[in-house]
$ cat model-v1.cif   # mmCIF, C-alpha atoms
data_entry
#
loop_
_atom_site.label_atom_id
_atom_site.label_comp_id
_atom_site.auth_asym_id
_atom_site.auth_seq_id
_atom_site.Cartn_x
_atom_site.Cartn_y
_atom_site.Cartn_z
CA MET A 362 -17.72 -4.94 8.37
CA ILE A 363 -16.54 -7.82 6.21
CA LEU A 364 -16.02 -7.04 2.54
CA SER A 365 -15.49 -9.42 -0.35
CA TYR A 366 -12.50 -9.05 -2.66
CA THR A 367 -14.87 -7.81 -5.40
CA GLN A 368 -16.30 -5.15 -3.09
CA ILE A 369 -12.81 -3.97 -2.16
CA GLU A 370 -11.90 -3.63 -5.83
CA GLU A 371 -15.08 -1.64 -6.45
CA ILE A 372 -14.30 0.69 -3.53
CA ALA A 373 -10.75 1.22 -4.77
CA ALA A 374 -11.98 1.98 -8.31
CA ALA A 375 -14.51 4.51 -6.98
CA VAL A 376 -11.96 6.18 -4.69
CA THR A 377 -9.26 6.47 -7.36
CA LYS A 378 -11.76 7.77 -9.93
CA ASP A 379 -13.03 10.44 -7.55
CA PHE A 380 -9.49 11.31 -6.47
CA ASN A 381 -8.29 11.64 -10.06
CA GLU A 382 -11.12 14.06 -10.80
CA PHE A 383 -10.26 15.96 -7.61
CA PHE A 384 -6.49 15.94 -8.24
CA PHE A 385 -6.27 16.38 -12.02
CA GLY A 386 -9.53 18.21 -12.68
CA GLU A 387 -9.74 19.25 -16.30
CA ARG A 388 -6.17 18.03 -16.78
CA ALA A 389 -7.33 14.43 -16.27
CA ALA A 390 -5.49 12.28 -18.78
CA PRO A 391 -7.50 10.62 -21.60
CA GLU A 392 -8.34 6.93 -21.62
CA THR A 393 -5.38 6.15 -23.90
CA HIS A 394 -2.69 7.45 -21.54
CA TYR A 395 0.11 5.24 -20.22
CA ALA A 396 -0.03 3.90 -16.69
CA GLN A 397 0.80 6.38 -13.95
CA ALA A 398 1.53 6.10 -10.25
CA THR A 399 -1.09 7.05 -7.69
CA PRO A 400 0.00 10.31 -5.96
CA ILE A 401 -0.53 8.62 -2.60
CA ASP A 402 0.85 11.51 -0.54
CA TRP A 403 -1.66 13.91 -2.11
CA LEU A 404 -4.44 11.36 -1.70
CA ALA A 405 -3.65 11.06 2.00
CA THR A 406 -3.28 14.76 2.83
CA ASP A 407 -5.35 16.74 0.32
CA TYR A 408 -8.08 14.23 -0.53
CA LEU A 409 -8.56 12.36 2.76
CA GLY A 410 -7.46 15.23 4.98
CA LEU A 411 -4.97 13.12 6.94
CA ARG A 412 -1.95 14.48 8.77
CA VAL A 413 1.18 12.47 7.96
CA SER A 414 4.15 12.62 10.33
CA TYR A 415 7.23 10.55 11.13
CA ALA A 416 8.72 9.05 14.29
CA ARG A 417 10.84 6.08 15.33
CA LEU A 418 8.22 3.37 15.88
CA SER A 419 10.31 0.35 16.85
CA GLU A 420 13.80 -0.84 17.72
CA ASP A 421 14.29 -2.97 14.60
CA GLY A 422 12.21 -1.04 12.08
CA SER A 423 9.62 -3.82 11.85
CA ILE A 424 6.77 -1.41 12.55
CA CYS A 425 6.34 0.75 9.47
CA GLY A 426 3.23 2.77 10.22
CA LEU A 427 0.01 3.21 12.15
CA THR A 428 -3.02 5.48 12.19
CA ALA A 429 -5.53 6.76 14.72
CA TYR A 430 -9.27 7.35 14.50
CA THR A 431 -9.35 9.43 17.68
CA ASP A 432 -6.85 11.17 19.97
CA THR A 433 -4.67 8.67 21.83
CA GLU A 434 -1.00 7.85 22.50
CA TYR A 435 1.44 5.24 21.26
CA ALA A 436 4.28 3.84 23.37
CA ALA A 437 7.39 3.11 21.26
CA THR A 438 10.55 1.53 22.67
CA TYR A 439 13.83 2.49 21.01
CA ARG A 440 17.32 1.71 22.36
CA GLY A 441 15.78 0.55 25.60
CA VAL A 442 13.90 3.77 26.20
CA THR A 443 10.12 3.99 25.91
CA HIS A 444 8.82 7.13 24.24
CA VAL A 445 5.17 8.13 24.40
CA ILE A 446 4.05 9.62 21.09
CA PRO A 447 0.78 11.59 20.94
CA LEU A 448 -1.54 10.42 18.16
CA ARG A 449 -4.28 12.70 16.92
CA ALA A 450 -7.47 11.71 15.18
CA ASN A 451 -6.96 11.28 11.43
CA GLU A 452 -3.18 11.14 11.81
CA VAL A 453 -0.87 8.68 10.06
CA LEU A 454 2.46 8.01 11.70
CA LEU A 455 5.20 6.49 9.53
CA ASP A 456 8.55 5.20 10.72
CA SER A 457 11.27 7.85 10.46
CA SER A 458 13.64 5.37 8.78
CA PHE A 459 11.77 6.06 5.53
CA MET A 460 13.20 9.58 5.51
CA GLU A 461 16.76 8.87 6.63
CA PRO A 462 19.59 9.90 4.28
CA GLY A 463 20.30 7.12 1.80
CA GLN A 464 16.97 5.41 2.52
CA VAL A 465 14.46 7.68 0.80
CA ARG A 466 14.91 6.24 -2.69
CA SER A 467 15.51 2.61 -1.75
CA ARG A 468 12.50 2.47 0.59
CA CYS A 469 10.17 4.60 -1.53
CA GLY A 470 7.99 1.65 -2.58
CA LYS A 471 7.67 0.37 0.97
CA ARG A 472 6.82 3.83 2.29
CA ARG A 473 4.16 4.36 -0.38
CA PHE A 474 2.54 0.99 0.33
CA THR A 475 2.57 1.64 4.09
CA LEU A 476 0.88 5.00 3.56
CA ALA A 477 -1.69 3.41 1.22
CA HIS A 478 -2.39 0.75 3.85
CA GLU A 479 -3.04 3.37 6.53
CA CYS A 480 -5.22 5.38 4.12
CA ALA A 481 -7.23 2.20 3.56
CA HIS A 482 -7.77 1.85 7.31
CA GLN A 483 -9.18 5.37 7.41
CA LEU A 484 -11.45 4.75 4.42
CA LEU A 485 -12.77 1.51 5.90
CA PHE A 486 -13.38 3.24 9.21
CA GLN A 487 -15.44 5.95 7.52
CA MET A 488 -17.57 3.25 5.90
CA GLU A 489 -18.52 1.76 9.26
CA SER A 490 -21.85 2.54 10.86
CA ASP A 491 -22.07 5.47 13.29
CA GLU A 492 -22.48 3.02 16.14
CA ALA A 493 -19.39 1.03 15.17
CA ARG A 494 -17.31 4.18 14.83
CA ARG A 495 -18.40 5.48 18.21
CA ALA A 496 -17.56 2.14 19.81
CA CYS A 497 -14.10 2.19 18.24
CA GLU A 498 -13.42 5.77 19.30
CA GLU A 499 -14.59 5.13 22.85
CA ALA A 500 -12.32 2.10 23.12
CA TYR A 501 -9.23 4.30 23.25
CA ALA A 502 -8.69 6.57 26.25
CA PRO A 503 -7.06 9.89 25.25
CA ARG A 504 -4.41 9.70 27.97
CA THR A 505 -3.56 6.01 27.73
CA ALA A 506 -0.40 4.95 25.88
CA TYR A 507 -1.08 1.86 23.78
CA SER A 508 1.41 -0.53 22.28
CA LEU A 509 1.07 -1.48 18.63
CA ARG A 510 -0.33 -4.83 19.74
CA ASP A 511 -3.06 -3.06 21.71
CA LEU A 512 -3.94 -0.88 18.76
CA LYS A 513 -4.01 -3.74 16.26
CA THR A 514 -5.73 -6.39 18.39
CA ARG A 515 -9.05 -4.56 18.17
CA GLU A 516 -8.94 -4.63 14.39
CA ASP A 517 -7.02 -7.74 13.37
CA TRP A 518 -10.02 -8.70 11.27
CA ASN A 519 -9.53 -5.48 9.29
CA GLU A 520 -5.85 -5.93 8.44
CA TRP A 521 -6.32 -8.10 5.37
CA GLN A 522 -8.93 -5.68 4.03
CA ALA A 523 -6.58 -2.72 4.53
CA ASN A 524 -3.81 -4.59 2.70
CA ALA A 525 -6.11 -5.45 -0.20
CA LEU A 526 -7.65 -1.97 -0.43
CA GLY A 527 -4.28 -0.25 -0.05
CA ALA A 528 -2.82 -2.33 -2.87
CA ALA A 529 -5.82 -1.66 -5.11
CA ILE A 530 -5.53 2.10 -4.51
CA LEU A 531 -1.77 2.16 -5.04
CA MET A 532 -1.97 -0.18 -8.06
CA PRO A 533 -5.45 0.28 -9.56
CA GLN A 534 -6.54 -2.46 -11.92
CA ARG A 535 -6.93 0.05 -14.73
CA GLU A 536 -3.32 1.19 -14.34
CA ILE A 537 -2.06 -2.39 -14.09
CA ASP A 538 -3.97 -3.27 -17.27
CA ARG A 539 -2.43 -0.32 -19.08
CA ALA A 540 1.07 -1.06 -17.83
CA MET A 541 0.87 -4.72 -18.80
CA TYR A 542 -0.52 -3.83 -22.22
CA HIS A 543 2.35 -1.47 -22.98
CA LEU A 544 5.12 -3.42 -21.26
CA ALA A 545 4.11 -7.03 -21.92
CA ARG A 546 1.39 -6.76 -24.59
CA GLY A 547 -1.07 -8.11 -22.04
CA ARG A 548 0.64 -11.47 -21.60
CA LYS A 549 1.22 -13.14 -18.24
CA LEU A 550 4.58 -13.13 -16.49
CA ILE A 551 5.94 -16.51 -15.42
CA ASP A 552 7.00 -16.92 -11.81
CA TYR A 553 9.37 -19.86 -11.27
CA GLU A 554 9.10 -19.91 -7.48
CA GLY A 555 10.49 -16.38 -7.19
CA TRP A 556 12.67 -16.46 -10.30
CA PHE A 557 11.86 -14.68 -13.56
CA GLY A 558 13.27 -14.86 -17.06
CA TYR A 559 15.18 -11.82 -18.29
CA MET A 560 12.32 -10.30 -20.31
CA ASP A 561 9.77 -10.82 -17.54
CA LEU A 562 12.18 -9.36 -14.99
CA MET A 563 12.60 -6.24 -17.13
CA VAL A 564 8.81 -5.88 -17.38
CA LEU A 565 8.52 -6.27 -13.61
CA LYS A 566 11.24 -3.68 -12.94
CA GLN A 567 9.68 -1.18 -15.32
CA LEU A 568 6.24 -1.69 -13.79
CA CYS A 569 7.65 -1.08 -10.31
CA GLN A 570 9.33 2.13 -11.47
CA THR A 571 6.19 3.30 -13.25
CA LEU A 572 3.83 2.72 -10.32
CA GLY A 573 6.31 3.46 -7.53
CA VAL A 574 5.94 0.13 -5.76
CA SER A 575 8.20 -2.62 -4.48
CA ARG A 576 8.76 -5.84 -6.40
CA SER A 577 7.02 -7.95 -3.76
CA ALA A 578 3.93 -5.71 -3.82
CA ALA A 579 3.83 -5.76 -7.63
CA VAL A 580 4.11 -9.56 -7.79
CA ILE A 581 1.25 -10.03 -5.31
CA ARG A 582 -0.95 -7.57 -7.20
CA LEU A 583 -0.18 -9.11 -10.59
CA ARG A 584 -1.02 -12.52 -9.18
CA GLN A 585 -4.34 -11.23 -7.84
CA LEU A 586 -5.27 -9.75 -11.21
CA GLY A 587 -4.34 -12.86 -13.20
CA TYR A 588 -1.15 -11.53 -14.79
CA MET A 589 1.12 -14.08 -13.11
CA GLU A 590 1.54 -17.73 -14.06
CA GLU A 591 3.08 -20.04 -11.45
CA ARG A 592 5.52 -22.75 -12.55
CA PRO A 593 8.02 -24.93 -10.64
CA TYR A 594 11.63 -23.79 -10.50
CA ALA A 595 12.64 -27.03 -12.27
CA GLU A 596 11.18 -25.56 -15.48
CA TYR A 597 13.20 -22.36 -15.23
CA ILE A 598 15.23 -21.79 -18.39
CA ASP A 599 16.41 -18.33 -19.39
CA PRO A 600 18.25 -18.32 -22.75
CA LEU A 601 19.38 -14.72 -22.11
CA GLU A 602 20.97 -15.47 -18.75
CA VAL A 603 24.75 -15.00 -18.73
CA TRP A 604 26.84 -17.04 -16.34
CA ALA A 605 30.12 -15.61 -15.10
#
$ encode --input "model-v1.cif" --output "structure tokens"
Amino acid sequence: MILSYTQIEEIAAAVTKDFNEFFFGERAAPETHYAQATPIDWLATDYLGLRVSYARLSEDGSICGLTAYTDTEYAATYRGVTHVIPLRANEVLLDSSFMEPGQVRSRCGKRRFTLAHECAHQLLFQMESDEARRACEEAYAPRTAYSLRDLKTREDWNEWQANALGAAILMPQREIDRAMYHLARGRKLIDYEGWFGYMDLMVLKQLCQTLGVSRSAAVIRLRQLGYMEERPYAEYIDPLEVWA
């Protein structure tokens, strides 16, 4: 199943609308409310019915999460020892480093995006035809331990869609529009090859805090939605910058 960017945005809008009605019910905020973060943990567990657990997934922490459509096993190597981790259908496994003391706050945005990405995989899988889902489920033997490469190779084509859908669920266009209206009066931020003026940087930081996302994820999403203007670093001038 190959989806266009427009289709992915439409799916994300429909999912977040339905989830908000499910989650907030009659307490759903009016159209004039300020931007709010997607309760991605509730979306994963209560709305999608996924089981979220944690385990050490790699030696260097480069593997942040994975999900399974059927019962299988994942082989993770840590400190030279290979551990076989059972994976159940509709389970999301996140790296345990997200929950280590001193890491919970600093890695909150990364954890939330990883969970949104895996939720997107599950949503995309449910949208496949019955035949395609059966073929995917049959591809994984219940007592075979797969590496991450094995698990991802079968769906490399789906990774970009999961990234796009995950970002759109975590940072819905409606919430981005509201945040940019209140924080920047709807104007574009200027990206000087990774550098931002003081005012734009404050807007970016506040948006990240409001939506619970990392700076890199926010920049990519703002660029996708037309709220980012690209300029060369040679034009970077910040009159509020203070040099020590």
$ atom_distance --input "model-v1.cif" --atom1 "atom CA of A:Gln522" --atom2 "atom CA of A:Asp552"
25.1 Å
$ resolve_selection --input "model-v1.cif" --expression "the PyMOL selection byres ((chain A and resi 441-448) around 10)" --output "PDB file with C-alpha atoms, in the coordinates of the input"
ATOM      1  CA  SER A 414       4.150  12.620  10.330  1.00  0.00           C
ATOM      2  CA  ALA A 416       8.720   9.050  14.290  1.00  0.00           C
ATOM      3  CA  ARG A 417      10.840   6.080  15.330  1.00  0.00           C
ATOM      4  CA  LEU A 418       8.220   3.370  15.880  1.00  0.00           C
ATOM      5  CA  SER A 419      10.310   0.350  16.850  1.00  0.00           C
ATOM      6  CA  GLU A 420      13.800  -0.840  17.720  1.00  0.00           C
ATOM      7  CA  LEU A 427       0.010   3.210  12.150  1.00  0.00           C
ATOM      8  CA  THR A 428      -3.020   5.480  12.190  1.00  0.00           C
ATOM      9  CA  ALA A 429      -5.530   6.760  14.720  1.00  0.00           C
ATOM     10  CA  TYR A 430      -9.270   7.350  14.500  1.00  0.00           C
ATOM     11  CA  THR A 431      -9.350   9.430  17.680  1.00  0.00           C
ATOM     12  CA  ASP A 432      -6.850  11.170  19.970  1.00  0.00           C
ATOM     13  CA  THR A 433      -4.670   8.670  21.830  1.00  0.00           C
ATOM     14  CA  GLU A 434      -1.000   7.850  22.500  1.00  0.00           C
ATOM     15  CA  TYR A 435       1.440   5.240  21.260  1.00  0.00           C
ATOM     16  CA  ALA A 436       4.280   3.840  23.370  1.00  0.00           C
ATOM     17  CA  ALA A 437       7.390   3.110  21.260  1.00  0.00           C
ATOM     18  CA  THR A 438      10.550   1.530  22.670  1.00  0.00           C
ATOM     19  CA  TYR A 439      13.830   2.490  21.010  1.00  0.00           C
ATOM     20  CA  ARG A 440      17.320   1.710  22.360  1.00  0.00           C
ATOM     21  CA  ARG A 449      -4.280  12.700  16.920  1.00  0.00           C
ATOM     22  CA  ALA A 450      -7.470  11.710  15.180  1.00  0.00           C
ATOM     23  CA  ASN A 451      -6.960  11.280  11.430  1.00  0.00           C
ATOM     24  CA  GLU A 452      -3.180  11.140  11.810  1.00  0.00           C
ATOM     25  CA  VAL A 453      -0.870   8.680  10.060  1.00  0.00           C
ATOM     26  CA  LEU A 454       2.460   8.010  11.700  1.00  0.00           C
ATOM     27  CA  PRO A 503      -7.060   9.890  25.250  1.00  0.00           C
ATOM     28  CA  ARG A 504      -4.410   9.700  27.970  1.00  0.00           C
ATOM     29  CA  THR A 505      -3.560   6.010  27.730  1.00  0.00           C
ATOM     30  CA  ALA A 506      -0.400   4.950  25.880  1.00  0.00           C
ATOM     31  CA  TYR A 507      -1.080   1.860  23.780  1.00  0.00           C
ATOM     32  CA  SER A 508       1.410  -0.530  22.280  1.00  0.00           C
TER      33      SER A 508
END
$ atom_distance --input "model-v1.cif" --atom1 "atom CA of A:Gln368" --atom2 "atom CA of A:Ala529"
11.2 Å
$ resolve_selection --input "model-v1.cif" --expression "the PyMOL selection byres ((chain A and resi 547) around 12)" --output "number ranges by chain"
A: 537-546, 548-550, 564, 583, 586-589
$ closest_residue --input "model-v1.cif" --among "A:Leu526, A:Ala405, A:Met560, A:Ala477" --to "A:Val574" --atoms "all atoms listed in the file"
A:Ala477
$ atom_distance --input "model-v1.cif" --atom1 "atom CA of A:Glu590" --atom2 "atom CA of A:Ile551"
4.8 Å
$ closest_residue --input "model-v1.cif" --among "A:Trp403, A:Arg584, A:Glu591, A:Gly527" --to "A:Trp556" --atoms "all atoms listed in the file"
A:Glu591
$ closest_residue --input "model-v1.cif" --among "A:Cys569, A:Met488, A:Ala523, A:Ala374" --to "A:Met362" --atoms "only C-alpha atoms"
A:Met488
